[in-house]
>>> print(open('start.cif').read())   # mmCIF, C-alpha atoms
data_data
loop_
_atom_site.label_atom_id
_atom_site.label_comp_id
_atom_site.auth_asym_id
_atom_site.auth_seq_id
_atom_site.Cartn_x
_atom_site.Cartn_y
_atom_site.Cartn_z
CA MET I 1 -11.14 12.35 13.49
CA SER I 2 -11.05 13.98 10.11
CA ILE I 3 -8.52 12.41 7.76
CA VAL I 4 -7.18 13.09 4.28
CA LEU I 5 -8.10 10.07 2.17
CA LEU I 6 -6.93 9.22 -1.32
CA ASP I 7 -9.84 7.22 -2.72
CA MET I 8 -9.82 5.95 -6.30
CA ALA I 9 -10.70 3.00 -8.49
CA MET I 10 -7.71 1.41 -10.23
CA SER I 11 -7.14 -1.45 -12.66
CA LEU I 12 -4.84 -4.30 -11.60
CA ASP I 13 -2.19 -2.76 -13.86
CA GLY I 14 -2.43 0.59 -12.12
CA TYR I 15 -4.62 2.78 -14.31
CA ILE I 16 -7.38 5.11 -13.06
CA ALA I 17 -8.52 5.80 -16.62
CA GLY I 18 -8.05 4.00 -19.89
CA PRO I 19 -6.88 5.34 -23.24
CA ASP I 20 -8.56 8.65 -24.25
CA ASP I 21 -9.74 9.11 -20.63
CA ALA I 22 -12.25 6.27 -21.05
CA ASP I 23 -13.60 4.97 -17.76
CA GLY I 24 -12.71 1.41 -18.72
CA GLY I 25 -15.43 0.03 -16.47
CA LEU I 26 -13.41 1.04 -13.41
CA ASN I 27 -16.40 2.61 -11.68
CA ASP I 28 -19.08 0.06 -12.57
CA TRP I 29 -18.94 -1.33 -9.00
CA PHE I 30 -20.12 2.04 -7.67
CA PHE I 31 -23.52 1.36 -9.24
CA ASP I 32 -23.56 -2.36 -8.45
CA PRO I 33 -26.25 -3.10 -5.86
CA SER I 34 -24.35 -6.03 -4.28
CA ARG I 35 -24.25 -5.69 -0.52
CA HIS I 36 -20.52 -5.13 0.01
CA ASN I 37 -20.27 -2.53 -2.75
CA ALA I 38 -23.35 -0.71 -1.50
CA GLU I 39 -21.86 -0.59 2.02
CA VAL I 40 -18.59 0.87 0.74
CA VAL I 41 -20.49 3.52 -1.22
CA ALA I 42 -22.74 4.35 1.75
CA GLU I 43 -19.70 4.70 4.03
CA SER I 44 -18.02 7.02 1.55
CA LEU I 45 -21.11 9.22 1.21
CA HIS I 46 -21.41 9.38 5.01
CA THR I 47 -17.77 10.19 5.82
CA THR I 48 -16.83 12.55 2.99
CA GLY I 49 -16.95 16.20 4.04
CA ALA I 50 -15.20 17.77 1.06
CA LEU I 51 -13.60 16.58 -2.16
CA ILE I 52 -10.42 17.76 -3.83
CA ILE I 53 -10.08 17.11 -7.56
CA GLY I 54 -7.72 18.22 -10.31
CA ARG I 55 -8.69 20.64 -13.02
CA ARG I 56 -8.39 17.99 -15.74
CA THR I 57 -10.82 15.73 -13.84
CA TYR I 58 -13.16 18.69 -13.49
CA ASP I 59 -12.98 19.58 -17.19
CA ILE I 60 -13.61 15.99 -18.30
CA GLY I 61 -16.50 15.63 -15.86
CA ALA I 62 -17.98 18.99 -16.87
CA ALA I 63 -17.81 18.10 -20.58
CA LEU I 64 -19.66 14.84 -19.87
CA ASN I 65 -22.17 16.60 -17.58
CA ALA I 66 -21.07 14.05 -14.98
CA PHE I 67 -21.50 16.36 -11.99
CA ALA I 68 -25.21 16.95 -12.65
CA ASP I 69 -26.20 13.86 -10.68
CA THR I 70 -23.26 13.35 -8.32
CA PRO I 71 -24.38 11.87 -5.00
CA TYR I 72 -21.62 13.89 -3.28
CA HIS I 73 -23.34 17.17 -2.42
CA VAL I 74 -20.29 18.43 -0.49
CA PRO I 75 -17.90 21.21 -1.53
CA HIS I 76 -15.55 20.25 -4.37
CA MET I 77 -12.19 22.07 -4.33
CA VAL I 78 -10.74 22.17 -7.84
CA VAL I 79 -6.98 22.72 -7.86
CA SER I 80 -6.49 24.85 -10.91
CA HIS I 81 -4.39 27.55 -12.56
CA THR I 82 -7.42 29.52 -13.73
CA VAL I 83 -11.10 29.92 -12.85
CA PRO I 84 -13.51 28.97 -15.65
CA ALA I 85 -16.08 31.53 -16.79
CA GLN I 86 -18.95 29.12 -16.20
CA THR I 87 -19.24 26.44 -13.53
CA ALA I 88 -20.63 22.96 -14.20
CA THR I 89 -24.24 22.30 -13.28
CA SER I 90 -24.22 20.27 -10.08
CA PRO I 91 -25.85 19.95 -6.66
CA ALA I 92 -22.27 20.30 -5.32
CA PRO I 93 -20.61 23.69 -4.91
CA PHE I 94 -17.28 24.06 -6.76
CA ILE I 95 -14.49 26.18 -5.34
CA PHE I 96 -11.57 26.86 -7.70
CA VAL I 97 -8.29 27.11 -5.79
CA THR I 98 -5.49 28.76 -7.73
CA ASP I 99 -2.84 29.06 -5.02
CA GLY I 100 -1.75 25.45 -4.65
CA ILE I 101 -2.47 22.14 -2.96
CA VAL I 102 -1.83 23.29 0.62
CA SER I 103 -4.33 26.10 0.27
CA ALA I 104 -6.84 23.70 -1.30
CA LEU I 105 -6.40 21.33 1.65
CA THR I 106 -6.81 24.12 4.21
CA GLN I 107 -10.02 25.27 2.53
CA ALA I 108 -11.25 21.69 2.18
CA ARG I 109 -10.67 20.98 5.89
CA ALA I 110 -12.64 24.08 6.84
CA ALA I 111 -15.45 23.13 4.47
CA ALA I 112 -15.52 19.48 5.56
CA ASN I 113 -16.97 20.35 8.94
CA GLY I 114 -15.13 17.63 10.81
CA LYS I 115 -15.63 14.96 8.16
CA ASP I 116 -12.97 13.55 5.82
CA VAL I 117 -11.24 15.37 3.00
CA VAL I 118 -11.20 13.02 0.02
CA LEU I 119 -8.88 13.16 -2.99
CA GLY I 120 -11.23 11.60 -5.47
CA GLY I 121 -10.10 12.53 -8.95
CA GLY I 122 -6.85 13.11 -10.78
CA ALA I 123 -3.56 11.23 -10.74
CA SER I 124 -1.47 14.38 -10.86
CA ILE I 125 -3.20 15.79 -7.77
CA ALA I 126 -2.86 12.46 -5.95
CA GLN I 127 0.86 12.34 -6.69
CA GLN I 128 1.38 15.92 -5.55
CA TYR I 129 -0.33 15.27 -2.19
CA LEU I 130 1.55 11.98 -1.77
CA ARG I 131 4.90 13.66 -2.39
CA ALA I 132 3.99 16.39 0.10
CA ASN I 133 3.19 13.68 2.68
CA LEU I 134 -0.28 15.10 3.23
CA ILE I 135 -2.28 11.87 2.83
CA ASP I 136 -3.36 9.87 5.90
CA GLU I 137 -5.12 6.92 4.29
CA ILE I 138 -5.50 5.33 0.86
CA GLN I 139 -8.50 3.42 -0.39
CA ILE I 140 -8.09 1.59 -3.70
CA HIS I 141 -11.01 -0.10 -5.41
CA LEU I 142 -8.98 -2.66 -7.38
CA VAL I 143 -10.79 -3.73 -10.54
CA PRO I 144 -9.98 -7.06 -12.23
CA VAL I 145 -8.92 -5.80 -15.63
CA LEU I 146 -5.64 -5.03 -17.39
CA LEU I 147 -6.22 -1.81 -19.36
CA GLY I 148 -2.73 -1.77 -20.89
CA ASN I 149 -2.75 1.98 -21.35
CA GLY I 150 -4.18 5.19 -19.93
CA ILE I 151 -3.47 7.26 -16.82
CA HIS I 152 -1.39 5.67 -14.08
CA LEU I 153 -2.34 6.51 -10.50
CA PHE I 154 1.17 6.19 -9.09
CA ASN I 155 3.93 7.86 -11.06
CA ARG I 156 7.36 6.42 -11.58
CA ASP I 157 10.67 7.97 -10.76
CA SER I 158 9.90 8.84 -7.21
CA SER I 159 12.93 8.34 -4.99
CA THR I 160 10.83 7.86 -1.88
CA ILE I 161 9.66 4.52 -0.55
CA GLN I 162 6.35 4.96 1.26
CA LYS I 163 5.34 2.27 3.71
CA LEU I 164 1.67 1.50 4.14
CA GLU I 165 -0.28 -0.60 6.58
CA GLY I 166 -3.20 -2.63 5.27
CA THR I 167 -6.22 -1.97 7.47
CA ARG I 168 -9.12 -3.53 5.55
CA VAL I 169 -9.84 -5.83 2.61
CA ILE I 170 -13.35 -6.29 1.24
CA GLY I 171 -13.62 -8.76 -1.61
CA SER I 172 -16.74 -8.02 -3.55
CA SER I 173 -18.47 -8.49 -6.85
CA GLY I 174 -16.13 -7.30 -9.60
CA VAL I 175 -13.82 -5.29 -7.31
CA THR I 176 -11.62 -5.60 -4.23
CA HIS I 177 -11.82 -2.70 -1.79
CA LEU I 178 -8.39 -2.21 -0.19
CA ARG I 179 -7.72 0.26 2.57
CA TYR I 180 -4.32 1.39 3.87
CA ARG I 181 -2.92 3.74 6.47
CA VAL I 182 0.10 5.76 5.36
CA VAL I 183 2.93 5.04 7.83
CA LYS I 184 4.46 8.38 8.75
CA GLU I 185 8.01 8.15 9.98
CA ALA I 186 8.64 9.95 13.24
CA THR I 187 10.58 13.17 12.78
CA PRO I 188 12.04 15.42 15.52
CA ALA I 189 9.06 17.73 14.99
CA ASN I 190 6.31 15.18 15.63
CA ARG I 191 8.11 12.59 17.74
CA MET F 1 -6.25 -29.65 -14.34
CA SER F 2 -2.86 -28.20 -15.00
CA ILE F 3 -2.90 -24.44 -15.53
CA VAL F 4 -0.41 -21.75 -16.46
CA LEU F 5 -0.24 -19.37 -13.51
CA LEU F 6 1.44 -15.98 -13.33
CA ASP F 7 2.38 -15.72 -9.64
CA MET F 8 4.29 -12.72 -8.32
CA ALA F 9 4.56 -10.30 -5.41
CA MET F 10 3.88 -6.69 -6.36
CA SER F 11 3.86 -3.34 -4.55
CA LEU F 12 0.63 -1.31 -4.56
CA ASP F 13 2.25 0.90 -7.20
CA GLY F 14 2.94 -2.05 -9.47
CA TYR F 15 6.60 -2.94 -8.95
CA ILE F 16 7.98 -6.48 -8.62
CA ALA F 17 11.41 -5.15 -7.69
CA GLY F 18 12.64 -1.84 -6.38
CA PRO F 19 15.48 0.34 -7.65
CA ASP F 20 18.70 -1.60 -8.41
CA ASP F 21 16.72 -4.86 -8.37
CA ALA F 22 16.29 -4.61 -4.59
CA ASP F 23 13.58 -6.88 -3.24
CA GLY F 24 11.96 -3.95 -1.43
CA GLY F 25 10.48 -6.29 1.19
CA LEU F 26 8.06 -7.65 -1.41
CA ASN F 27 8.73 -11.25 -0.47
CA ASP F 28 8.87 -10.92 3.31
CA TRP F 29 5.40 -12.47 3.60
CA PHE F 30 6.74 -15.71 2.10
CA PHE F 31 8.73 -16.25 5.28
CA ASP F 32 6.04 -14.93 7.63
CA PRO F 33 4.63 -17.77 9.74
CA SER F 34 1.12 -16.28 10.02
CA ARG F 35 -1.50 -18.86 9.17
CA HIS F 36 -2.90 -17.38 5.95
CA ASN F 37 0.53 -16.73 4.47
CA ALA F 38 1.73 -20.20 5.40
CA GLU F 39 -1.32 -21.71 3.70
CA VAL F 40 -0.71 -19.76 0.50
CA VAL F 41 2.92 -20.87 0.48
CA ALA F 42 2.00 -24.50 1.17
CA GLU F 43 -0.56 -24.45 -1.63
CA SER F 44 2.00 -23.04 -4.04
CA LEU F 45 4.60 -25.66 -3.14
CA HIS F 46 1.98 -28.40 -3.56
CA THR F 47 0.55 -27.29 -6.92
CA THR F 48 3.66 -26.07 -8.75
CA GLY F 49 5.01 -28.67 -11.19
CA ALA F 50 7.48 -26.50 -13.07
CA LEU F 51 8.62 -22.89 -13.02
CA ILE F 52 9.42 -20.57 -15.91
CA ILE F 53 11.68 -17.61 -15.19
CA GLY F 54 13.49 -15.02 -17.27
CA ARG F 55 17.24 -15.00 -17.75
CA ARG F 56 17.63 -11.74 -15.86
CA THR F 57 15.81 -13.21 -12.85
CA TYR F 58 18.06 -16.24 -13.08
CA ASP F 59 21.26 -14.17 -13.27
CA ILE F 60 20.26 -11.99 -10.32
CA GLY F 61 19.27 -15.04 -8.25
CA ALA F 62 22.46 -16.90 -9.20
CA ALA F 63 24.64 -13.93 -8.23
CA LEU F 64 22.92 -13.80 -4.82
CA ASN F 65 23.10 -17.60 -4.42
CA ALA F 66 19.34 -17.41 -3.96
CA PHE F 67 18.58 -20.78 -5.57
CA ALA F 68 20.72 -22.73 -3.09
CA ASP F 69 17.85 -23.04 -0.63
CA THR F 70 14.76 -22.65 -2.82
CA PRO F 71 11.87 -24.73 -1.50
CA TYR F 72 10.77 -25.31 -5.13
CA HIS F 73 12.62 -28.49 -6.12
CA VAL F 74 10.83 -28.68 -9.48
CA PRO F 75 12.34 -28.04 -12.93
CA HIS F 76 13.05 -24.37 -13.65
CA MET F 77 12.86 -23.41 -17.32
CA VAL F 78 15.00 -20.33 -17.97
CA VAL F 79 14.01 -18.45 -21.12
CA SER F 80 17.31 -17.25 -22.44
CA HIS F 81 19.33 -16.34 -25.51
CA THR F 82 22.40 -18.26 -24.37
CA VAL F 83 23.28 -21.10 -22.00
CA PRO F 84 25.67 -20.15 -19.18
CA ALA F 85 28.89 -22.14 -18.79
CA GLN F 86 28.08 -22.95 -15.17
CA THR F 87 24.67 -23.51 -13.60
CA ALA F 88 23.70 -22.13 -10.20
CA THR F 89 23.92 -24.46 -7.22
CA SER F 90 20.38 -25.53 -6.35
CA PRO F 91 18.22 -28.51 -5.43
CA ALA F 92 16.17 -27.55 -8.52
CA PRO F 93 17.21 -28.58 -12.02
CA PHE F 94 17.61 -25.69 -14.48
CA ILE F 95 16.79 -26.09 -18.16
CA PHE F 96 17.87 -23.24 -20.41
CA VAL F 97 15.46 -22.76 -23.29
CA THR F 98 16.84 -20.73 -26.18
CA ASP F 99 14.06 -21.17 -28.74
CA GLY F 100 11.34 -19.01 -27.27
CA ILE F 101 8.46 -18.85 -24.82
CA VAL F 102 6.22 -21.41 -26.55
CA SER F 103 8.99 -24.00 -26.48
CA ALA F 104 9.65 -23.18 -22.80
CA LEU F 105 5.97 -23.70 -22.02
CA THR F 106 5.81 -27.01 -23.90
CA GLN F 107 8.86 -28.28 -22.01
CA ALA F 108 7.50 -26.96 -18.72
CA ARG F 109 4.15 -28.70 -19.23
CA ALA F 110 5.93 -32.00 -19.92
CA ALA F 111 8.14 -31.55 -16.86
CA ALA F 112 5.24 -30.48 -14.60
CA ASN F 113 3.77 -33.95 -14.57
CA GLY F 114 0.16 -32.80 -14.44
CA LYS F 115 0.78 -30.00 -11.94
CA ASP F 116 0.77 -26.26 -12.67
CA VAL F 117 3.28 -24.33 -14.73
CA VAL F 118 4.13 -21.18 -12.80
CA LEU F 119 5.61 -17.96 -14.19
CA GLY F 120 7.39 -16.88 -11.07
CA GLY F 121 10.09 -14.41 -12.00
CA GLY F 122 10.64 -11.68 -14.53
CA ALA F 123 8.37 -8.90 -15.77
CA SER F 124 9.49 -9.23 -19.37
CA ILE F 125 8.64 -12.94 -19.43
CA ALA F 126 5.28 -12.27 -17.78
CA GLN F 127 4.44 -9.63 -20.36
CA GLN F 128 5.45 -11.88 -23.26
CA TYR F 129 3.21 -14.71 -22.04
CA LEU F 130 0.35 -12.28 -21.35
CA ARG F 131 0.57 -10.83 -24.85
CA ALA F 132 0.61 -14.35 -26.32
CA ASN F 133 -2.57 -15.11 -24.33
CA LEU F 134 -0.94 -18.16 -22.75
CA ILE F 135 -1.77 -17.40 -19.10
CA ASP F 136 -4.81 -19.03 -17.45
CA GLU F 137 -4.68 -17.49 -13.98
CA ILE F 138 -2.90 -14.67 -12.17
CA GLN F 139 -1.99 -14.58 -8.49
CA ILE F 140 -0.72 -11.28 -7.15
CA HIS F 141 0.62 -10.95 -3.63
CA LEU F 142 -0.09 -7.24 -3.17
CA VAL F 143 2.29 -5.67 -0.67
CA PRO F 144 1.36 -2.43 1.15
CA VAL F 145 4.24 -0.25 0.04
CA LEU F 146 4.81 2.38 -2.65
CA LEU F 147 8.31 1.73 -4.04
CA GLY F 148 8.23 4.69 -6.43
CA ASN F 149 10.71 3.11 -8.80
CA GLY F 150 11.97 -0.24 -10.04
CA ILE F 151 10.60 -2.88 -12.37
CA HIS F 152 6.92 -2.69 -13.28
CA LEU F 153 5.08 -6.00 -13.64
CA PHE F 154 2.62 -4.77 -16.23
CA ASN F 155 4.03 -2.76 -19.09
CA ARG F 156 2.43 0.27 -20.58
CA ASP F 157 1.49 0.85 -24.18
CA SER F 158 -0.36 -2.34 -24.71
CA SER F 159 -3.38 -1.83 -26.95
CA THR F 160 -5.21 -4.83 -25.55
CA ILE F 161 -7.70 -4.72 -22.70
CA GLN F 162 -7.60 -8.01 -20.80
CA LYS F 163 -10.61 -8.85 -18.65
CA LEU F 164 -10.05 -10.83 -15.47
CA GLU F 165 -12.37 -12.48 -13.01
CA GLY F 166 -11.52 -12.26 -9.33
CA THR F 167 -11.69 -15.75 -7.84
CA ARG F 168 -10.12 -15.35 -4.38
CA VAL F 169 -9.02 -12.68 -1.93
CA ILE F 170 -7.02 -13.54 1.18
CA GLY F 171 -6.22 -10.59 3.43
CA SER F 172 -3.23 -11.45 5.54
CA SER F 173 -0.45 -10.02 7.60
CA GLY F 174 1.46 -7.52 5.47
CA VAL F 175 0.07 -8.71 2.14
CA THR F 176 -3.17 -9.33 0.25
CA HIS F 177 -3.25 -12.49 -1.86
CA LEU F 178 -5.38 -11.83 -4.95
CA ARG F 179 -6.27 -14.51 -7.46
CA TYR F 180 -7.79 -13.99 -10.90
CA ARG F 181 -8.88 -16.08 -13.85
CA VAL F 182 -7.98 -14.65 -17.25
CA VAL F 183 -11.22 -14.31 -19.23
CA LYS F 184 -10.55 -15.72 -22.68
CA GLU F 185 -12.89 -14.38 -25.32
CA ALA F 186 -14.59 -17.04 -27.40
CA THR F 187 -13.15 -17.24 -30.89
CA PRO F 188 -14.51 -19.29 -33.81
CA ALA F 189 -11.79 -21.87 -33.07
CA ASN F 190 -12.71 -22.52 -29.43
CA ARG F 191 -16.36 -21.50 -29.32
#
>>> encode(input="start.cif", output="structure tokens")
Amino acid sequence: MSIVLLDMAMSLDGYIAGPDDADGGLNDWFFDPSRHNAEVVAESLHTTGALIIGRRTYDIGAALNAFADTPYHVPHMVVSHTVPAQTATSPAPFIFVTDGIVSALTQARAAANGKDVVLGGGASIAQQYLRANLIDEIQIHLVPVLLGNGIHLFNRDSSTIQKLEGTRVIGSSGVTHLRYRVVKEATPANR
Amino acid sequence: MSIVLLDMAMSLDGYIAGPDDADGGLNDWFFDPSRHNAEVVAESLHTTGALIIGRRTYDIGAALNAFADTPYHVPHMVVSHTVPAQTATSPAPFIFVTDGIVSALTQARAAANGKDVVLGGGASIAQQYLRANLIDEIQIHLVPVLLGNGIHLFNRDSSTIQKLEGTRVIGSSGVTHLRYRVVKEATPANR
């Protein structure tokens, strides 16, 4: 079944990017040929039907020409206030969605063709989908480093406690791949 | 060899306590009889020679009478500005150290009798020892919950990147036990 998956690399102290948007080595494992890492990457490439990213992630990636060789050739929805004049060079199609996260998810589901919709870039976007209770599973690639500064994946000052259920742990070279199911409380509507 | 170990339970979003100092279920695993958890607890009880905690952790524990049945019967150094008139009822001796974290560590090492010195309570204390580069290993019991608010283990606005090396991952019921070695850069003094 198609799920909505939050999937990001994070330092032990909770950052998905270091100071000045530096990668901080958080994604080195993605290019590490060790068996467990390669299996996690292959699974992700196989199951991802569409990606949703934030506009800031898009702009940073576009400036670095990072989309030119992305292995994800699936539609990328960019949640955005405006549509840029030029689109980044990439084997992946970009669709700029200016009417909010629910619309982006609806379009991503349609584009994903039965595969997963993956939130793969941007803390702000991740937090918005979490608050809206639209995420089914979370995969964190926990990297053994304390960055001390940068962009935090999970924001503070949320009044909601969100229970998770650990479903998989893969200890690997230079990273621990952690997978969780978001526990959705039964409500009268879905009971 | 005796090491200095930072050992705490933390939510996936980085909190060691929830709002209003609530435990948030972060330590439920400690009392879970599943095999892996029991082994981690047994190891901790066997290897801990002395504990260092912050004064706030002490005050909260004392108010809850939480030290009355602690399984850790080893000396507890409490880093503090003042010495309380009365000491909490406990099988563990408390030593209030008012002249700083280095003094507390020296006293803890002497008291530990060759076993490990464990930083087991208090984010502020943990951060002070981390900044002073006095921690050898870190064990995080990562609990599958997003608390959204509370006390963060790792502070922000540190300018130092601290590399770690993952040494052990134990996936268990309701918690993932992660162990790291702090990578100390060679300096002219210890090269």
>>> residues_around(input="start.cif", residues="Gly54 (chain I)", least_positions_apart="2", cutoff="7 Å", atoms="all atoms listed in the file", output="ChimeraX atom specification")
/I:56-58,78-80,121-122,125
>>> closest_residue(input="start.cif", among="F:Val169, F:Ala110, F:Ile135, F:Ala126", to="Met8 (chain F)", atoms="only C-alpha atoms")
F:Ala126
>>> resolve_selection(input="start.cif", expression="the PyMOL selection byres ((chain I) within 10 of (chain F))", output="NGL selection string")
:I and (12-15 or 18-19 or 24 or 140 or 143-176 or 178-183)
>>> atom_distance(input="start.cif", atom1="CA of Pro33 (chain I)", atom2="CA of Phe94 (chain I)")
28.6 Å
>>> resolve_selection(input="start.cif", expression="the PyMOL selection byres ((chain F and resi 75) around 12)", output="CSV table (one decimal) with C-alpha atoms, in the frame of the given file")
chain,number,residue,atom,x,y,z
F,48,THR,CA,3.7,-26.1,-8.8
F,49,GLY,CA,5.0,-28.7,-11.2
F,50,ALA,CA,7.5,-26.5,-13.1
F,51,LEU,CA,8.6,-22.9,-13.0
F,52,ILE,CA,9.4,-20.6,-15.9
F,53,ILE,CA,11.7,-17.6,-15.2
F,70,THR,CA,14.8,-22.6,-2.8
F,71,PRO,CA,11.9,-24.7,-1.5
F,72,TYR,CA,10.8,-25.3,-5.1
F,73,HIS,CA,12.6,-28.5,-6.1
F,74,VAL,CA,10.8,-28.7,-9.5
F,76,HIS,CA,13.0,-24.4,-13.6
F,77,MET,CA,12.9,-23.4,-17.3
F,78,VAL,CA,15.0,-20.3,-18.0
F,90,SER,CA,20.4,-25.5,-6.4
F,91,PRO,CA,18.2,-28.5,-5.4
F,92,ALA,CA,16.2,-27.6,-8.5
F,93,PRO,CA,17.2,-28.6,-12.0
F,94,PHE,CA,17.6,-25.7,-14.5
F,95,ILE,CA,16.8,-26.1,-18.2
F,96,PHE,CA,17.9,-23.2,-20.4
F,104,ALA,CA,9.6,-23.2,-22.8
F,105,LEU,CA,6.0,-23.7,-22.0
F,107,GLN,CA,8.9,-28.3,-22.0
F,108,ALA,CA,7.5,-27.0,-18.7
F,109,ARG,CA,4.2,-28.7,-19.2
F,110,ALA,CA,5.9,-32.0,-19.9
F,111,ALA,CA,8.1,-31.6,-16.9
F,112,ALA,CA,5.2,-30.5,-14.6
F,113,ASN,CA,3.8,-34.0,-14.6
F,115,LYS,CA,0.8,-30.0,-11.9
F,116,ASP,CA,0.8,-26.3,-12.7
F,117,VAL,CA,3.3,-24.3,-14.7
F,118,VAL,CA,4.1,-21.2,-12.8
>>> closest_residue(input="start.cif", among="I:Ser34, I:Ser103, I:Ser124, I:Gln86", to="Arg55 (chain I)", atoms="only C-alpha atoms")
I:Ser124
>>> atom_distance(input="start.cif", atom1="CA of Asp99 (chain I)", atom2="CA of Gln139 (chain I)")
26.7 Å
>>> atom_distance(input="start.cif", atom1="CA of Ser11 (chain I)", atom2="CA of Trp29 (chain I)")
12.4 Å
>>> closest_residue(input="start.cif", among="I:Gly61, I:Gly25, I:Gly114, I:Gly100", to="Ala88 (chain I)", atoms="only C-alpha atoms")
I:Gly61
>>> resolve_selection(input="start.cif", expression="the PyMOL selection byres ((chain I and resi 3) around 7)", output="list in words")
Met1, Ser2, Val4, Leu5, Asp116, Val117 and Asp136 of chain I
>>> write_last_selection(input="start.cif", atoms="C-alpha atoms", output="PDB file, keeping the file's coordinate frame")
ATOM      1  CA  MET I   1     -11.140  12.350  13.490  1.00  0.00           C
ATOM      2  CA  SER I   2     -11.050  13.980  10.110  1.00  0.00           C
ATOM      3  CA  VAL I   4      -7.180  13.090   4.280  1.00  0.00           C
ATOM      4  CA  LEU I   5      -8.100  10.070   2.170  1.00  0.00           C
ATOM      5  CA  ASP I 116     -12.970  13.550   5.820  1.00  0.00           C
ATOM      6  CA  VAL I 117     -11.240  15.370   3.000  1.00  0.00           C
ATOM      7  CA  ASP I 136      -3.360   9.870   5.900  1.00  0.00           C
TER       8      ASP I 136
END
>>> axis_aligned_box(input="start.cif", around="region 85-91 of chain F", padding_each_side="5 Å", output="AutoDock Vina command-line options")
--center_x 23.6 --center_y -25.3 --center_z -12.1 --size_x 20.7 --size_y 16.4 --size_z 23.4
>>> build_atoms(input="start.cif", residues="region 126-137 of chain I", atoms="N, CA, C and O atoms", output="PDB file, in the coordinates of the input")
ATOM      1  N   ALA I 126      -3.181  13.510  -6.927  1.00  0.00           N
ATOM      2  CA  ALA I 126      -2.860  12.460  -5.950  1.00  0.00           C
ATOM      3  C   ALA I 126      -1.357  12.381  -5.726  1.00  0.00           C
ATOM      4  O   ALA I 126      -0.882  12.298  -4.590  1.00  0.00           O
ATOM      5  N   GLN I 127      -0.605  12.447  -6.808  1.00  0.00           N
ATOM      6  CA  GLN I 127       0.860  12.340  -6.690  1.00  0.00           C
ATOM      7  C   GLN I 127       1.441  13.551  -5.967  1.00  0.00           C
ATOM      8  O   GLN I 127       2.374  13.418  -5.168  1.00  0.00           O
ATOM      9  N   GLN I 128       0.875  14.726  -6.232  1.00  0.00           N
ATOM     10  CA  GLN I 128       1.380  15.920  -5.550  1.00  0.00           C
ATOM     11  C   GLN I 128       1.140  15.841  -4.034  1.00  0.00           C
ATOM     12  O   GLN I 128       2.030  16.160  -3.242  1.00  0.00           O
ATOM     13  N   TYR I 129      -0.040  15.389  -3.633  1.00  0.00           N
ATOM     14  CA  TYR I 129      -0.330  15.270  -2.190  1.00  0.00           C
ATOM     15  C   TYR I 129       0.494  14.154  -1.549  1.00  0.00           C
ATOM     16  O   TYR I 129       0.935  14.282  -0.403  1.00  0.00           O
ATOM     17  N   LEU I 130       0.708  13.060  -2.292  1.00  0.00           N
ATOM     18  CA  LEU I 130       1.550  11.980  -1.770  1.00  0.00           C
ATOM     19  C   LEU I 130       2.970  12.478  -1.524  1.00  0.00           C
ATOM     20  O   LEU I 130       3.554  12.234  -0.472  1.00  0.00           O
ATOM     21  N   ARG I 131       3.521  13.169  -2.522  1.00  0.00           N
ATOM     22  CA  ARG I 131       4.900  13.660  -2.390  1.00  0.00           C
ATOM     23  C   ARG I 131       5.030  14.642  -1.230  1.00  0.00           C
ATOM     24  O   ARG I 131       6.064  14.707  -0.571  1.00  0.00           O
ATOM     25  N   ALA I 132       3.962  15.409  -0.981  1.00  0.00           N
ATOM     26  CA  ALA I 132       3.990  16.390   0.100  1.00  0.00           C
ATOM     27  C   ALA I 132       3.672  15.753   1.453  1.00  0.00           C
ATOM     28  O   ALA I 132       3.630  16.444   2.473  1.00  0.00           O
ATOM     29  N   ASN I 133       3.449  14.432   1.445  1.00  0.00           N
ATOM     30  CA  ASN I 133       3.190  13.680   2.680  1.00  0.00           C
ATOM     31  C   ASN I 133       1.948  14.178   3.413  1.00  0.00           C
ATOM     32  O   ASN I 133       1.914  14.233   4.631  1.00  0.00           O
ATOM     33  N   LEU I 134       0.933  14.528   2.650  1.00  0.00           N
ATOM     34  CA  LEU I 134      -0.280  15.100   3.230  1.00  0.00           C
ATOM     35  C   LEU I 134      -1.447  14.103   3.262  1.00  0.00           C
ATOM     36  O   LEU I 134      -2.563  14.471   3.624  1.00  0.00           O
ATOM     37  N   ILE I 135      -1.196  12.854   2.884  1.00  0.00           N
ATOM     38  CA  ILE I 135      -2.280  11.870   2.830  1.00  0.00           C
ATOM     39  C   ILE I 135      -2.191  10.938   4.041  1.00  0.00           C
ATOM     40  O   ILE I 135      -1.126  10.435   4.369  1.00  0.00           O
ATOM     41  N   ASP I 136      -3.329  10.741   4.715  1.00  0.00           N
ATOM     42  CA  ASP I 136      -3.360   9.870   5.900  1.00  0.00           C
ATOM     43  C   ASP I 136      -3.710   8.439   5.545  1.00  0.00           C
ATOM     44  O   ASP I 136      -3.165   7.498   6.121  1.00  0.00           O
ATOM     45  N   GLU I 137      -4.671   8.266   4.648  1.00  0.00           N
ATOM     46  CA  GLU I 137      -5.120   6.920   4.290  1.00  0.00           C
ATOM     47  C   GLU I 137      -5.353   6.823   2.787  1.00  0.00           C
ATOM     48  O   GLU I 137      -5.593   7.840   2.117  1.00  0.00           O
TER      49      GLU I 137
END
